[in-house]
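Novice: This one is protein_14.txt, compact mmCIF, C-alpha atoms and all ligand atoms.
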```
# COMPACT_ATOMS: atom_id res chain seq x y z
CA MET A 253 0.00 0.00 0.00
CA SER A 254 1.26 3.48 -0.84
CA PRO A 255 2.65 5.36 2.18
CA TRP A 256 0.33 8.31 1.49
CA MET A 257 -2.79 6.15 1.88
CA ASN A 258 -4.75 6.17 5.15
CA ASP A 259 -8.10 4.88 6.45
CA GLU A 260 -10.10 7.87 5.24
CA LEU A 261 -8.60 7.56 1.76
CA ALA A 262 -9.28 3.80 1.75
CA ILE A 263 -12.99 4.51 2.30
CA TYR A 264 -12.86 7.14 -0.44
CA ARG A 265 -11.22 4.59 -2.75
CA GLU A 266 -14.09 2.15 -2.08
CA THR A 267 -16.58 4.79 -3.25
CA VAL A 268 -14.51 5.44 -6.36
CA VAL A 269 -14.17 1.71 -7.16
CA ARG A 270 -17.92 1.20 -6.75
CA PHE A 271 -18.67 4.11 -9.08
CA VAL A 272 -16.12 3.11 -11.69
CA GLU A 273 -17.09 -0.57 -11.70
CA SER A 274 -20.85 -0.09 -11.75
CA GLU A 275 -21.28 3.12 -13.75
CA MET A 276 -18.31 3.28 -16.09
CA VAL A 277 -16.93 -0.17 -16.94
CA PRO A 278 -20.25 -1.43 -18.37
CA HIS A 279 -20.38 1.52 -20.78
CA ASP A 280 -16.76 1.66 -21.93
CA ALA A 281 -17.26 -0.35 -25.14
CA ARG A 282 -20.11 1.96 -26.19
CA TRP A 283 -18.07 5.04 -25.26
CA ARG A 284 -15.21 3.81 -27.42
CA GLU A 285 -17.58 3.34 -30.32
CA GLN A 286 -19.16 6.79 -30.02
CA HIS A 287 -15.80 8.49 -29.16
CA ASN A 288 -17.10 10.24 -26.08
CA VAL A 289 -18.39 9.34 -22.63
CA GLY A 290 -21.42 11.69 -22.73
CA ALA A 291 -22.21 14.52 -20.32
CA GLU A 292 -24.33 12.43 -17.93
CA ILE A 293 -21.44 10.51 -16.36
CA TRP A 294 -19.71 13.81 -15.58
CA ARG A 295 -22.74 15.06 -13.67
CA ARG A 296 -22.92 11.74 -11.83
CA ALA A 297 -19.24 12.01 -10.84
CA GLY A 298 -19.97 15.55 -9.68
CA GLU A 299 -22.94 14.38 -7.59
CA LEU A 300 -20.70 11.88 -5.82
CA GLY A 301 -18.12 14.58 -5.06
CA LEU A 302 -15.44 12.99 -7.25
CA LEU A 303 -14.72 16.02 -9.44
CA CYS A 304 -12.41 18.82 -8.30
CA ALA A 305 -11.61 16.72 -5.23
CA ASP A 306 -8.63 18.92 -4.37
CA ILE A 307 -10.42 22.25 -4.83
CA PRO A 308 -11.40 24.03 -1.58
CA SER A 309 -15.01 23.60 -0.50
CA GLU A 310 -15.60 27.38 -0.49
CA TYR A 311 -15.39 27.12 -4.30
CA GLY A 312 -17.60 24.03 -4.52
CA GLY A 313 -14.78 21.46 -4.52
CA ALA A 314 -14.51 18.50 -2.17
CA GLY A 315 -11.82 20.18 -0.05
CA GLY A 316 -9.45 17.22 -0.29
CA ASP A 317 -5.95 17.14 -1.72
CA PHE A 318 -4.02 15.62 -4.61
CA ARG A 319 -4.27 12.13 -3.09
CA HIS A 320 -8.05 12.15 -3.65
CA GLU A 321 -7.50 13.08 -7.28
CA VAL A 322 -4.85 10.35 -7.60
CA ILE A 323 -7.26 7.68 -6.39
CA LEU A 324 -9.67 8.42 -9.24
CA TYR A 325 -6.80 8.49 -11.80
CA GLU A 326 -5.59 5.15 -10.47
CA GLU A 327 -8.94 3.40 -10.57
CA LEU A 328 -9.67 4.70 -14.08
CA GLY A 329 -6.13 4.03 -15.30
CA ARG A 330 -5.95 0.42 -14.08
CA ARG A 331 -9.11 -0.37 -16.06
CA GLY A 332 -8.15 1.47 -19.22
CA LEU A 333 -11.01 3.98 -18.85
CA SER A 334 -9.21 6.63 -20.85
CA GLY A 335 -12.30 8.39 -22.21
CA PHE A 336 -13.13 10.27 -19.04
CA GLY A 337 -10.81 13.30 -19.28
CA GLN A 338 -10.65 14.06 -15.60
CA GLY A 339 -6.98 15.08 -15.76
CA VAL A 340 -7.58 17.96 -18.14
CA HIS A 341 -10.73 18.95 -16.24
CA SER A 342 -8.71 19.18 -13.02
CA ILE A 343 -5.93 21.14 -14.68
CA ALA A 344 -8.51 23.64 -15.96
CA ALA A 345 -9.88 23.97 -12.41
CA HIS A 346 -6.36 24.57 -11.10
CA TYR A 347 -5.70 27.38 -13.59
CA LEU A 348 -8.78 29.05 -12.11
CA LEU A 349 -7.86 28.31 -8.52
CA ASN A 350 -4.27 29.49 -8.85
CA HIS A 351 -4.67 32.43 -11.22
CA GLY A 352 -8.34 33.42 -11.42
CA THR A 353 -9.90 36.45 -9.75
CA ASP A 354 -12.18 35.67 -6.84
CA GLU A 355 -15.18 36.39 -9.05
CA GLN A 356 -13.92 33.98 -11.74
CA LYS A 357 -13.38 31.26 -9.14
CA ARG A 358 -16.88 31.69 -7.72
CA ARG A 359 -18.43 31.76 -11.16
CA TYR A 360 -16.79 28.65 -12.63
CA LEU A 361 -15.32 26.34 -9.99
CA PRO A 362 -18.64 25.17 -8.45
CA ARG A 363 -19.93 24.36 -11.94
CA LEU A 364 -16.77 22.41 -12.77
CA ALA A 365 -17.08 20.53 -9.47
CA SER A 366 -20.72 19.59 -10.13
CA GLY A 367 -19.96 18.38 -13.66
CA GLU A 368 -22.33 20.97 -15.15
CA LEU A 369 -19.29 22.39 -16.97
CA ILE A 370 -16.62 20.09 -18.39
CA GLY A 371 -13.21 21.71 -18.70
CA ALA A 372 -10.78 21.69 -21.61
CA ILE A 373 -7.44 23.31 -22.30
CA GLY A 374 -6.88 24.89 -25.70
CA MET A 375 -3.17 25.38 -26.26
CA THR A 376 -2.05 23.32 -29.24
CA GLU A 377 -2.56 24.55 -32.81
CA PRO A 378 -1.76 22.94 -36.14
CA GLY A 379 1.42 25.02 -36.33
CA ALA A 380 2.35 25.11 -32.64
CA GLY A 381 2.68 22.19 -30.21
CA SER A 382 5.94 21.92 -28.29
CA ASP A 383 6.76 25.48 -29.33
CA LEU A 384 3.80 27.30 -27.82
CA GLN A 385 5.29 30.69 -28.59
CA GLY A 386 4.16 30.04 -32.16
CA ILE A 387 0.42 30.11 -31.45
CA ARG A 388 -1.63 32.31 -33.78
CA THR A 389 -5.12 32.33 -32.27
CA ARG A 390 -5.75 36.01 -31.76
CA ALA A 391 -7.96 37.81 -29.23
CA GLU A 392 -8.42 41.48 -30.01
CA ARG A 393 -9.89 43.85 -27.46
CA HIS A 394 -12.98 45.68 -28.77
CA GLY A 395 -14.40 47.79 -25.93
CA ALA A 396 -15.84 45.47 -23.29
CA HIS A 397 -15.18 42.34 -25.36
CA TYR A 398 -12.45 40.22 -26.89
CA VAL A 399 -12.96 39.02 -30.45
CA ILE A 400 -11.30 35.65 -31.04
CA ASN A 401 -10.14 34.19 -34.35
CA GLY A 402 -8.14 31.01 -34.84
CA SER A 403 -8.22 27.28 -34.23
CA LYS A 404 -6.94 24.61 -31.86
CA ILE A 405 -6.16 20.95 -32.46
CA PHE A 406 -5.94 17.74 -30.36
CA ILE A 407 -8.17 19.17 -27.61
CA THR A 408 -9.06 16.61 -24.93
CA ASN A 409 -12.74 16.87 -23.89
CA GLY A 410 -13.19 19.06 -26.97
CA TYR A 411 -16.70 17.84 -27.84
CA LEU A 412 -18.12 17.90 -24.31
CA ALA A 413 -16.29 20.98 -23.03
CA GLY A 414 -18.44 23.75 -21.59
CA LEU A 415 -15.45 25.81 -20.50
CA VAL A 416 -12.24 26.10 -22.52
CA MET A 417 -9.11 27.63 -21.04
CA LEU A 418 -8.07 29.16 -24.33
CA VAL A 419 -4.49 30.25 -24.90
CA VAL A 420 -4.46 33.28 -27.20
CA LYS A 421 -2.28 36.10 -28.39
CA THR A 422 -3.54 39.39 -27.00
CA ASP A 423 -0.52 41.23 -28.41
CA THR A 424 1.16 39.85 -31.53
CA THR A 425 4.13 42.21 -31.21
CA LEU A 426 5.26 40.59 -27.96
CA GLY A 427 6.45 36.98 -27.57
CA ALA A 428 5.51 35.14 -24.41
CA LYS A 429 4.36 38.42 -22.85
CA GLY A 430 1.70 38.80 -25.54
CA THR A 431 0.04 35.53 -24.50
CA SER A 432 -3.07 35.34 -22.32
CA ILE A 433 -5.66 32.77 -21.27
CA LEU A 434 -9.36 33.39 -21.85
CA LEU A 435 -12.14 31.50 -20.07
CA VAL A 436 -14.46 30.65 -22.93
CA GLU A 437 -17.93 29.32 -22.10
CA THR A 438 -18.90 27.42 -25.21
CA HIS A 439 -22.63 26.84 -24.84
CA ASP A 440 -24.53 28.57 -27.69
CA LEU A 441 -21.50 30.72 -28.47
CA PRO A 442 -21.80 32.28 -31.95
CA GLY A 443 -18.75 31.64 -34.17
CA TYR A 444 -17.54 28.69 -32.06
CA ARG A 445 -17.42 25.30 -33.76
CA VAL A 446 -16.20 21.87 -32.67
CA GLY A 447 -14.60 19.74 -35.40
CA ARG A 448 -15.04 16.00 -35.93
CA PHE A 449 -13.79 13.41 -33.43
CA LEU A 450 -10.14 12.87 -34.32
CA ASP A 451 -9.45 9.28 -35.39
CA LYS A 452 -6.85 8.21 -32.82
CA VAL A 453 -4.73 5.05 -32.47
CA GLY A 454 -5.86 4.66 -28.85
CA GLN A 455 -7.96 6.45 -26.20
CA ARG A 456 -10.91 5.80 -28.50
CA ALA A 457 -13.53 6.87 -25.93
CA GLN A 458 -11.91 10.27 -25.48
CA ASP A 459 -13.51 13.17 -27.37
CA THR A 460 -10.35 14.71 -28.77
CA THR A 461 -11.29 17.35 -31.35
CA GLU A 462 -10.36 20.50 -33.17
CA LEU A 463 -11.94 23.79 -32.06
CA PHE A 464 -12.64 26.69 -34.40
CA PHE A 465 -13.18 30.35 -33.50
CA GLU A 466 -14.55 32.80 -36.05
CA ASP A 467 -15.17 36.31 -34.71
CA VAL A 468 -16.16 34.82 -31.36
CA ARG A 469 -17.01 37.58 -28.88
CA VAL A 470 -16.48 37.01 -25.16
CA PRO A 471 -16.76 39.58 -22.36
CA ALA A 472 -13.44 41.11 -21.25
CA GLU A 473 -14.07 39.65 -17.76
CA CYS A 474 -13.12 36.27 -19.28
CA LEU A 475 -9.42 37.14 -19.11
CA LEU A 476 -7.89 34.76 -16.56
CA GLY A 477 -6.53 36.79 -13.67
CA ALA A 478 -7.79 40.03 -15.31
CA THR A 479 -4.32 41.06 -16.56
CA GLU A 480 -3.17 40.62 -20.16
CA GLY A 481 0.15 38.98 -21.00
CA LYS A 482 0.26 36.58 -18.05
CA GLY A 483 -0.72 33.44 -20.01
CA PHE A 484 2.73 31.92 -20.30
CA ALA A 485 3.60 32.41 -16.65
CA GLN A 486 0.22 30.93 -15.67
CA LEU A 487 0.81 27.87 -17.86
CA MET A 488 4.34 27.35 -16.58
CA SER A 489 3.51 27.54 -12.89
CA ASP A 490 1.01 24.67 -13.11
CA LEU A 491 3.18 22.29 -15.14
CA PRO A 492 4.48 20.08 -12.28
CA TYR A 493 0.87 19.31 -11.26
CA GLU A 494 -0.08 18.46 -14.85
CA ARG A 495 2.94 16.23 -15.41
CA MET A 496 2.23 14.30 -12.26
CA ILE A 497 -1.28 13.52 -13.52
CA VAL A 498 0.19 11.90 -16.66
CA ALA A 499 2.75 10.04 -14.53
CA VAL A 500 0.09 8.70 -12.15
CA GLN A 501 -2.08 7.57 -15.07
CA ALA A 502 0.93 5.77 -16.59
CA MET A 503 1.68 4.10 -13.28
CA ALA A 504 -1.89 2.88 -12.89
CA ALA A 505 -1.99 1.52 -16.45
CA MET A 506 1.22 -0.44 -15.85
CA GLU A 507 -0.15 -1.92 -12.63
CA GLY A 508 -3.48 -2.82 -14.23
CA GLY A 509 -1.75 -4.43 -17.21
CA LEU A 510 0.67 -6.40 -15.06
CA ASP A 511 -2.05 -7.75 -12.73
CA GLU A 512 -4.10 -8.84 -15.71
CA THR A 513 -1.10 -10.52 -17.32
CA VAL A 514 -0.13 -12.43 -14.17
CA ARG A 515 -3.69 -13.74 -14.03
CA TYR A 516 -3.58 -14.70 -17.69
CA VAL A 517 -0.26 -16.58 -17.71
CA LYS A 518 -1.36 -18.57 -14.66
CA GLY A 519 -4.43 -19.82 -16.52
CA ARG A 520 -3.32 -20.17 -20.15
CA LYS A 521 -1.82 -23.50 -21.17
CA ALA A 522 0.62 -24.40 -23.97
CA PHE A 523 2.60 -27.59 -24.49
CA GLY A 524 0.81 -29.17 -21.54
CA LYS A 525 1.75 -26.58 -18.93
CA THR A 526 0.74 -23.07 -17.92
CA LEU A 527 2.61 -20.15 -19.47
CA LEU A 528 3.91 -19.31 -16.02
CA GLU A 529 5.86 -22.56 -16.01
CA PHE A 530 8.00 -21.32 -18.90
CA GLN A 531 11.06 -19.58 -17.55
CA ASN A 532 10.80 -16.85 -20.18
CA ALA A 533 7.35 -15.84 -18.91
CA ARG A 534 8.57 -15.85 -15.30
CA PHE A 535 11.60 -13.71 -16.16
CA ARG A 536 9.56 -11.26 -18.23
CA LEU A 537 7.04 -10.88 -15.42
CA ALA A 538 9.81 -10.50 -12.84
CA GLU A 539 11.38 -7.72 -14.90
CA ALA A 540 8.04 -5.96 -15.41
CA ALA A 541 7.17 -6.28 -11.71
CA THR A 542 10.54 -4.75 -10.78
CA ILE A 543 9.99 -1.77 -13.10
CA VAL A 544 6.48 -1.30 -11.71
CA ARG A 545 7.75 -1.42 -8.10
CA VAL A 546 10.55 1.08 -8.77
CA ALA A 547 8.16 3.38 -10.61
CA ARG A 548 5.58 3.13 -7.82
CA THR A 549 8.15 4.03 -5.18
CA PHE A 550 9.23 7.15 -7.08
CA ILE A 551 5.69 8.19 -8.06
CA ASP A 552 4.45 7.75 -4.48
CA ARG A 553 7.19 10.07 -3.30
CA CYS A 554 6.24 12.64 -5.96
CA ILE A 555 2.55 12.40 -4.99
CA GLN A 556 3.45 13.22 -1.40
CA ASP A 557 5.59 16.12 -2.63
CA VAL A 558 2.61 17.55 -4.56
CA VAL A 559 0.51 17.30 -1.39
CA ASP A 560 3.26 19.07 0.57
CA GLY A 561 3.61 21.74 -2.14
CA LYS A 562 7.28 20.95 -2.82
CA LEU A 563 7.42 19.06 -6.11
CA ASP A 564 9.84 20.92 -8.40
CA ALA A 565 9.46 21.15 -12.17
CA ALA A 566 12.50 19.00 -13.02
CA THR A 567 11.39 16.12 -10.77
CA ALA A 568 7.89 16.26 -12.24
CA SER A 569 9.43 16.07 -15.73
CA MET A 570 11.47 13.04 -14.64
CA ALA A 571 8.32 11.36 -13.36
CA LYS A 572 6.47 12.12 -16.60
CA TRP A 573 9.04 10.91 -19.14
CA TRP A 574 10.27 7.88 -17.25
CA SER A 575 6.91 6.52 -16.16
CA THR A 576 5.43 6.90 -19.65
CA ASP A 577 8.47 5.24 -21.27
CA MET A 578 8.19 2.38 -18.76
CA GLN A 579 4.43 2.21 -19.32
CA GLN A 580 5.01 1.45 -22.95
CA GLN A 581 7.75 -1.11 -22.23
CA VAL A 582 5.73 -2.96 -19.59
CA LEU A 583 2.51 -3.00 -21.60
CA ASP A 584 4.36 -4.25 -24.65
CA GLU A 585 5.49 -7.27 -22.58
CA CYS A 586 1.93 -7.74 -21.32
CA VAL A 587 0.66 -7.90 -24.91
CA GLN A 588 3.43 -10.34 -25.88
CA LEU A 589 2.60 -12.68 -22.99
CA HIS A 590 -1.05 -12.67 -24.06
CA GLY A 591 -0.14 -13.87 -27.56
CA GLY A 592 -2.79 -13.09 -30.20
CA TYR A 593 -5.37 -12.27 -27.55
CA GLY A 594 -3.19 -9.35 -26.48
CA TYR A 595 -3.83 -7.78 -29.87
CA MET A 596 -7.62 -8.01 -29.56
CA ASN A 597 -9.41 -4.92 -28.29
CA GLU A 598 -11.69 -6.99 -26.09
CA TYR A 599 -8.65 -7.71 -23.91
CA LEU A 600 -7.66 -5.05 -21.39
CA VAL A 601 -3.95 -5.21 -22.22
CA ALA A 602 -4.62 -4.46 -25.89
CA ARG A 603 -6.57 -1.32 -24.97
CA LEU A 604 -3.99 -0.25 -22.39
CA TYR A 605 -1.22 -0.74 -24.95
CA ALA A 606 -2.94 1.36 -27.62
CA ASP A 607 -3.89 4.03 -25.07
CA ALA A 608 -0.31 4.25 -23.83
CA ARG A 609 1.39 5.39 -27.01
CA VAL A 610 0.30 8.99 -26.70
CA THR A 611 1.47 9.48 -23.14
CA ARG A 612 5.03 10.01 -24.36
CA ILE A 613 3.72 12.74 -26.66
CA TYR A 614 1.14 14.79 -24.77
CA GLY A 615 1.54 16.76 -21.56
CA GLY A 616 4.82 17.99 -23.07
CA THR A 617 6.73 15.44 -25.17
CA ASN A 618 9.31 13.28 -23.42
CA GLU A 619 12.03 15.02 -25.42
CA ILE A 620 10.90 18.38 -24.02
CA MET A 621 10.89 16.82 -20.51
CA LYS A 622 14.54 15.88 -20.95
CA GLU A 623 15.40 19.39 -22.14
CA LEU A 624 13.82 20.80 -18.98
CA ILE A 625 15.63 18.33 -16.72
CA ALA A 626 18.95 19.03 -18.44
CA ARG A 627 18.51 22.77 -17.87
CA SER A 628 18.17 22.15 -14.13
CA LEU A 629 21.42 20.21 -13.87
C1 LIG B 701 -4.56 12.47 -27.75
C2 LIG B 701 -3.99 13.85 -27.56
C3 LIG B 701 -4.56 14.71 -26.62
C4 LIG B 701 -4.08 16.00 -26.46
N1 LIG B 701 -4.71 16.88 -25.61
C5 LIG B 701 -4.38 18.19 -25.65
C6 LIG B 701 -5.17 19.16 -24.95
O1 LIG B 701 -6.12 18.83 -24.24
N2 LIG B 701 -4.84 20.46 -25.08
C7 LIG B 701 -3.79 20.88 -25.84
O2 LIG B 701 -3.57 22.08 -25.92
N3 LIG B 701 -3.01 20.00 -26.50
C8 LIG B 701 -3.30 18.67 -26.45
N4 LIG B 701 -2.54 17.76 -27.15
C9 LIG B 701 -1.41 18.23 -27.92
C10 LIG B 701 -0.06 17.78 -27.38
O3 LIG B 701 0.24 18.45 -26.19
C11 LIG B 701 0.98 18.02 -28.48
O4 LIG B 701 0.71 17.06 -29.49
C12 LIG B 701 2.39 17.92 -28.00
O5 LIG B 701 2.70 19.01 -27.15
C13 LIG B 701 3.41 17.89 -29.15
O6 LIG B 701 3.18 18.91 -30.04
P1 LIG B 701 3.10 18.56 -31.62
O7 LIG B 701 2.11 17.48 -31.78
O8 LIG B 701 2.88 19.83 -32.35
O9 LIG B 701 4.53 17.98 -31.95
P2 LIG B 701 5.85 18.81 -32.29
O10 LIG B 701 6.03 19.90 -31.29
O11 LIG B 701 5.83 19.16 -33.72
O12 LIG B 701 6.97 17.70 -32.04
C14 LIG B 701 7.32 16.69 -33.01
C15 LIG B 701 8.56 15.97 -32.49
O13 LIG B 701 9.65 16.90 -32.39
C16 LIG B 701 10.17 16.87 -31.08
N5 LIG B 701 10.63 18.21 -30.66
C17 LIG B 701 9.97 19.39 -30.78
N6 LIG B 701 10.69 20.37 -30.24
C18 LIG B 701 11.82 19.82 -29.75
C19 LIG B 701 12.97 20.30 -29.05
N7 LIG B 701 13.09 21.58 -28.71
N8 LIG B 701 13.93 19.42 -28.71
C20 LIG B 701 13.83 18.11 -29.02
N9 LIG B 701 12.78 17.59 -29.67
C21 LIG B 701 11.78 18.44 -30.03
C22 LIG B 701 9.03 16.41 -30.19
O14 LIG B 701 9.52 15.88 -28.97
C23 LIG B 701 8.38 15.37 -31.09
O15 LIG B 701 9.05 14.15 -30.97
C24 LIG B 701 -2.97 16.43 -27.25
C25 LIG B 701 -2.37 15.55 -28.17
C26 LIG B 701 -2.89 14.29 -28.34
C27 LIG B 701 -2.25 13.41 -29.39
```
What does this structure look like when you write it as structure tokens?

Specialist:
Amino acid sequence: MSPWMNDELAIYRETVVRFVESEMVPHDARWREQHNVGAEIWRRAGELGLLCADIPSEYGGAGGDFRHEVILYEELGRRGLSGFGQGVHSIAAHYLLNHGTDEQKRRYLPRLASGELIGAIGMTEPGAGSDLQGIRTRAERHGAHYVINGSKIFITNGYLAGLVMLVVKTDTTLGAKGTSILLVETHDLPGYRVGRFLDKVGQRAQDTTELFFEDVRVPAECLLGATEGKGFAQLMSDLPYERMIVAVQAMAAMEGGLDETVRYVKGRKAFGKTLLEFQNARFRLAEAATIVRVARTFIDRCIQDVVDGKLDAATASMAKWWSTDMQQQVLDECVQLHGGYGYMNEYLVARLYADARVTRIYGGTNEIMKELIARSL
């Protein structure tokens, strides 16, 4: 058991497991087919107090800490429930909590916590991913409004999102200092359009889409923190939290895949014995279990550091790149030990494997993580 767990969190985990098993697992195949989980399950999660678990109760959150969030990531991640974009939703809530005005927090956080609004983060554009300075989506001030023109790509929760934290240029003559974040409420917003579901290799239940903005007018009060030019600093300060979410999800997927594979090799027979009786299978599992244990020890330490407010950016980058690289390595072994069944989507390890490929790419690519770590040395 992780050292950060305690009795209260164990009871919380039971609630999460019950919810995930009874209200999510039975629908996952349909969600994968329709490429989104639907709005209803978000409201249900909100009703149970599982959204914005680490947001203070004065803003409608559950008043817990990062460990509560982690428990939901773990229980989703172990089961390959990658459609429910809770990570991005939580990151959106944290932008508000850490950088929003009091009025912005009171206006949006309770609705994010109830699941009435689903959060998304609109940074990436066709011409700007790792290099965010290259974004072109423009927000021009016209009196009491901003007028937005541009587009975003690869946006998690894009179809269901009711609130987009939209990264825009408010001054094209300045670099990072011309970047701001706008809180864009999407419901019935003229000029706002969601593109098709992007056809992804994995994470098939996740509604990843393009977003288009054509002369979209939003009130000037939508500027996060009410000061222009702060967007980059706001994005940077929340990165360790975001990277830990990806790392925790990777950890949970590895654990779920390994457990499933141990079960499988104990039951499957070839040449008159179980797969576990072949030394190769035992060695492969021993290696995977060692990686998973080492990763768990490091990630547990990082989780505690987030709770204590002392996780630095370089350590979070280490957690992100290493755990996602290991995720892919471990799940590849899990597929191999399943033989042909490991390649069939009805098997958990196949879905975990396909879902894993992107974790080395999003949340900042693993190459960018290494750049950041190297700079800290
Ligand atoms: C499923 C999915 C969900 C996503 N969700 C979101 C979301 O919710 N919101 C959002 O804004 N974005 C999202 N993204 C976008 C994601 O963050 C970007 O894809 C990622 O940052 C990489 O940007 P890019 O795709 O433009 O690749 P590029 O930046 O073009 O990178 C291509 C390759 O070049 C390498 N590279 C680039 N620069 C350097 C460098 N300086 N040094 C070394 N190597 C470098 C990269 O590591 C990579 O291997 C998502 C992407 C996917 C696939």

Novice: Do a neighbour search on stretch 488-497 of chain A at 9 Å with only C-alpha atoms, toss out local chain neighbours closer than 4 positions, and write the hits as number ranges by chain.

Specialist: A: 321-322, 325, 339-340, 342-343, 346-347, 350, 483-484, 501-502, 551, 554-555, 558, 563-569, 571-573, 615-616

Novice: Ranking A:Glu619, A:Glu273, A:Glu598, A:Glu355 by minimum distance to A:Leu476 and counting only C-alpha atoms, which one comes first?

Specialist: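 Nearest candidate to A:Leu476 out of A:Glu619, A:Glu273, A:Glu598, A:Glu355: A:Glu355.
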
Novice: When the cut-off is 6 Å and you count all atoms listed in the file, which residues lie near ligand LIG 701 (chain B), shown as JSON, numbers by chain?

Specialist: {"A": [373, 374, 375, 376, 380, 381, 382, 383, 406, 407, 408, 610, 613, 614, 615, 616, 617, 619, 620]}

Novice: Determine the nearest neighbour of A:Arg548 from the options A:Val446, A:Val514, A:Val470, A:Met578, counting all atoms listed in the file.

Specialist: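 Nearest candidate to A:Arg548 out of A:Val446, A:Val514, A:Val470, A:Met578: A:Met578.
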
Novice: Find the residue from A:Ala391, A:Leu349, A:Ala428, A:Ala413 that sits nearest to A:Gln458; use all atoms listed in the file when measuring.

Specialist: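 Looking at the shortest contact to A:Gln458, the residue is A:Ala413.
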
Novice: Taking into account all atoms listed in the file, which residue in the set A:Gly316, A:Gly443, A:Gly430, A:Pro278 is nearest to A:Thr479?

Specialist: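 Nearest candidate to A:Thr479 out of A:Gly316, A:Gly443, A:Gly430, A:Pro278: A:Gly430.
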
Novice: Leaving out A:Arg358 and any residue of its chain fewer than 3 positions from it, which residues lie within 10 Å of it when counting only C-alpha atoms, given as a PDB file with C-alpha atoms, in the coordinates of the input?

Specialist:
```
ATOM      1  CA  GLU A 310     -15.600  27.380  -0.490  1.00  0.00           C
ATOM      2  CA  TYR A 311     -15.390  27.120  -4.300  1.00  0.00           C
ATOM      3  CA  GLY A 312     -17.600  24.030  -4.520  1.00  0.00           C
ATOM      4  CA  LEU A 348      -8.780  29.050 -12.110  1.00  0.00           C
ATOM      5  CA  LEU A 349      -7.860  28.310  -8.520  1.00  0.00           C
ATOM      6  CA  GLY A 352      -8.340  33.420 -11.420  1.00  0.00           C
ATOM      7  CA  THR A 353      -9.900  36.450  -9.750  1.00  0.00           C
ATOM      8  CA  ASP A 354     -12.180  35.670  -6.840  1.00  0.00           C
ATOM      9  CA  GLU A 355     -15.180  36.390  -9.050  1.00  0.00           C
ATOM     10  CA  LEU A 361     -15.320  26.340  -9.990  1.00  0.00           C
ATOM     11  CA  PRO A 362     -18.640  25.170  -8.450  1.00  0.00           C
ATOM     12  CA  ARG A 363     -19.930  24.360 -11.940  1.00  0.00           C
TER      13      ARG A 363
END
```

Novice: Within 10 Å of A:Ala478, counting all atoms listed in the file, which residues qualify if same-chain residues fewer than 4 places away don't, as an MDAnalysis selection string?

Specialist: chainID A and resid 351:353 356 432:434 472:474 482

Novice: Between atom CA of A:His590 and atom CA of A:Met253, what is the distance in Å, rounded to a tenth?

Specialist: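 Going from atom CA of A:His590 over to atom CA of A:Met253, I get 27.2 Å.
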
Novice: In terms of the shortest atom-to-atom distance over only C-alpha atoms, which of A:Gly335, A:Gly301, A:Gly329, A:Gly313 is closest to A:Val500?

Specialist: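 Of the candidates, the smallest distance to A:Val500 is held by A:Gly329.
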
Novice: Counting all atoms listed in the file, which of A:Ile293, A:Leu537, A:Ala505, A:Val269 gets nearest to A:Val517?

Specialist: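 Checking each candidate against A:Val517, we get A:Leu537 as the closest.
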
Novice: Would you pick out the contacts of A:Arg448 at 10 Å or less, using only C-alpha atoms, so that residues sharing its chain but fewer than 6 positions from it are not included, and give the list as a ChimeraX atom specification?

Specialist: /A:410-411,459-463

Novice: Enclose the full set of atoms of stretch 523-528 of chain A listed in the file within a box whose edges lie along x, y and z, apply 4 Å of padding to each of the six sides, and report centre and edge lengths in Å to one decimal as lines of an AutoDock Vina configuration file.

Specialist:
```
center_x = 2.3
center_y = -24.2
center_z = -20.3
size_x = 11.2
size_y = 17.9
size_z = 16.5
```

Novice: Which value, in Å to one decimal, gives the distance between atom CA of A:Gly594 and atom CA of A:Gly337?

Specialist: 25.0 Å

Novice: Would you compute the distance between atom CA of A:Asp577 and atom CA of A:Ala372? Give it in Å to one decimal.

Specialist: 25.3 Å

Novice: Using only C-alpha atoms, what residues lie at most 8 Å away from (-15.1, 15.6, -11.1) (file coordinates), given as a list in words?

Specialist: Trp294, Ala297, Gly298, Gly301, Leu302, Leu303, Cys304, Ala305, Gln338, His341, Ser342, Leu364, Ala365, Ser366 and Gly367 of chain A

Novice: Taking (5.9, 4.0, -10.9) in the file's own coordinates, collect the residues within 9 Å, counting only C-alpha atoms, and hand them back as number ranges by chain.

Specialist: A: 499-500, 502-504, 506-507, 543-552, 571, 574-575, 578-579

Novice: Env of stretch 519-528 of chain A: 12 Å cut, atoms = all atoms listed in the file, seq-sep filter 4 positions within chain, self excluded. Answer as a PyMOL selection string.

Specialist: chain A and resi 512-515+532-538+588-591+593
